[in-house]
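Here the structure is laid out as structure tokens; the discussion comes afterwards.
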Amino acid sequence: MPADSTQPSKAQAATVKTKVKAKASSGGSFSLLSSKGLLFSAAIALAIALFAFPNESPVSLRRRRAPYFMPVTRDYYWVVTNFTAAPDGVTRTVLGINHSLGSDNLIEANLGDRIRVHVTNGLNVPTSIHWHGLFQYGSNIMDGPSGVTQCPIPAGHSFIYDFVVNQSGSYWWHSHYRAQYVDGLRGPMIIHGPQDHTKYSYAAEQTIQLADWYHSVSEDLLAGYLYPGSDGAEPVPDSILINGHGIYDCKYAAPNQRCQPQNPASVMARFVVQPSMTYRFRVISTSAFTAYNFSIDNHQLTIIETDGVDVVPYTVDRITVNNGQRYSVLVTMSARGPNAYIRAIALYNAPWTASANSAGYNTNGAAILQYSGQPVPPLPATVMPKKFVDFNQMLVKSLPAAAAPSKVDHNVPISFFFDTVAPDTIQRAYVSFNYDSSNAHTFQKPNPAILYSLLHDNVNPANLSPNLNIVQLAAGESVQLQIINYDGGEHPWHLHGHTFWIMGQGQANDTSQIPTTFPATQANPPRRDVITLAPCQLTETDDCAPNSFGYTVLRFVADNPGVWFFHCHIEWHVEAGLDMVFVEALPQLKKAQGMLPASYTSMCA
């Protein structure tokens, strides 16, 4: 549980304030959520509590697990700032919170708590913050993606993100304006549940953040990527950071860069453990482009959570972690050690990347698992094994079991590709709601935001631009997504507001080969909110074989009224237009939201 948790005498009146480095200015326009939304969220929190202990009354629940079931309000005061830092030895301008790296700014709460993040934009450009993986039941206006659920926070202005957390698990926060999170505006978010230590037995937990890092600022990288003649070659990182720490070989630094040589034993992230104890490691990828093979030398990983979903324990040696994905793994320490490397090996070449690595890019990210009493230096002497028991997504089962809908009310075919379509001279991503990619559009971020247009201006979604790639969903219907990837690369797609069931994946040459029933997985398919889409079948030249495509079939229930972004989480592809939007249960959303707060509408003025 969070270290600052206390047992208040009156739960609704209690407020827990985090350590404040810089208070938000008083010149901004602040407002709370609508009362309807907060009441709805609180009701869900109580329902979750009752589900956790169905035979106990609310009073006995509070007595049994007061830090969990007597919700408190947790206030965080953030000023988004830019400053200079050198997380891998190369000094550059970064974005962060209160002049500190985003990776150092943990948001931590218990199930049912209310979180208020007072954000003042200290930049000279707009910004917004997304709470990656949170469903935002009853608080859709707090989801964060600019142009979708909100207009961004203008420079010099403030906004309070105010919501109740109705789910436990491992999450993260990041800017959802342009490619700002590439510059460091990202960090961890942990929500503790009432049964964390009893459902899975472990002594303590630590969080491991995996991030790729660039020496150029994101706006320069975007300008080079979305440029005529770039042919869609994505920017390749310069380093790998683990909990904000990396190492770059200064002999590869550009002449205009200041690079301080690093001593690995001094700068590598360390995770101190006690012999013979079992730890929960929350592994969070905050990367913009890079997927990793994650492992710990001489230690097995027992997966107990994927993207906030508890799972039947599943033991492997190595996990593939893509952008935005999260895993909790149990790791039992040996009786005597020794110290070992924690490894995050970047995946590159097809189907992971199409761009050549830069000369100084060390794809072998590492940290140190340090046994208490064993010094560093020296560095660990462990070596990576040659053979692994690898993670298989389709072997993951939710705990408790959760059957996917057997009946599909709304089937949505989705296909996408990258191309330069005249008269445009820039290669962009195009999304179609047809199997053959006909009538495709590249997503173009609107102003004002979609949610604002629907709720404030009462616009009919059908009258919005086709370049918003909107699909409307009715309340309660079971939705199936048949996603066809005509690209040779993998793509980690993230759905806001939901988790989905993964029914099946594969490669095919005709849409008739895509399965329509899934007897092997129907009873308890894997569930998560970021899925790595299968690519087409590649030739020796890394092109798609004739007529080949990758397919992925997902299902979810439209039980969360809102406007929900669905997009590739390779940040360069988000900006290239590989995005779409679900407008879900709009009549119910309008009824639940009521009047929009002035602090929200003023950002769209």
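Going by the structure tokens order, chains are called A, B, ..., each with residues numbered from 1, while ligands are numbered from 1 in the order shown.
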For Tyr486 (chain A): contacts at 7 Å, only C-alpha atoms, fewer than 3 positions along chain excluded, given as a PDB file with C-alpha atoms, in the first residue's frame:
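That gives us selection-v5.pdb:
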ATOM      1  CA  PHE A 416      -4.382  -0.088 -42.018  1.00  0.00           C
ATOM      2  CA  PHE A 417      -1.315   0.673 -44.085  1.00  0.00           C
ATOM      3  CA  CYS A 536       2.172  -9.772 -42.560  1.00  0.00           C
ATOM      4  CA  PHE A 549      -1.501  -9.771 -43.941  1.00  0.00           C
ATOM      5  CA  GLY A 550      -1.491 -10.222 -40.204  1.00  0.00           C
TER       6      GLY A 550
END
Q) Mind checking DSSP for region 182-230 of chain A and telling me the alpha helix (DSSP H) residues as a list of chain:residue names? A)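 For region 182-230 of chain A, the alpha helix (DSSP H) set is A:Asp196, A:His197, A:Thr198, A:Lys199, A:Ser218, A:Glu219, A:Asp220, A:Leu221, A:Leu222, A:Ala223, A:Gly224, A:Tyr225.
Candidate residues A:Val79, A:Ile450, A:Ala401, A:Val431 were compared for distance to His573 (chain A), and the nearest is A:Val431, using only C-alpha atoms.
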(Q) If you run DSSP on the backbone here, which positions in region 60-131 of chain A get strand (DSSP E or B)? Please write them as a VMD selection string. (A) chain A and resid 73 to 85 90 92 to 97 100 to 101 107 to 110 114 to 121 127 129 to 131
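Nearest residue to Pro152 (chain A) among A:Thr91, A:Ser602, A:Gln206, A:Thr552 is A:Ser602, counting only C-alpha atoms.
Closest approach to Ala346 (chain A) among A:Pro377, A:Pro145, A:Pro237, A:Gly122: A:Pro237, based on only C-alpha atoms.
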Q. Pick from A:Gly89, A:Asp162, A:Pro194, A:Tyr177: nearest to His245 (chain A), with only C-alpha atoms counted?
A. A:Gly89
(Q) Which residues are close to Ile191 (chain A), i.e. within 7 Å by only C-alpha atoms, leaving aside same-chain residues fewer than 2 positions away? Reply as a ChimeraX atom specification. (A) /A:108-111,168-170,189,193
(Q) Can you measure CA of Ala354 (chain A) to CA of Asp390 (chain A) for me? One decimal in Å is fine. (A)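 These atoms are spaced 23.8 Å apart.
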Q) Contacts of Tyr348 (chain A) at 12 Å or less, counting only C-alpha atoms, minus same-chain residues fewer than 5 places along, as a PyMOL selection string? A) chain A and resi 236-237+289-293+353-358+361-364+489-490
Q. Please, what distance in Å, to one decimal, runs between CA of Ala223 (chain A) and CA of Ser287 (chain A)?
A. 19.4 Å
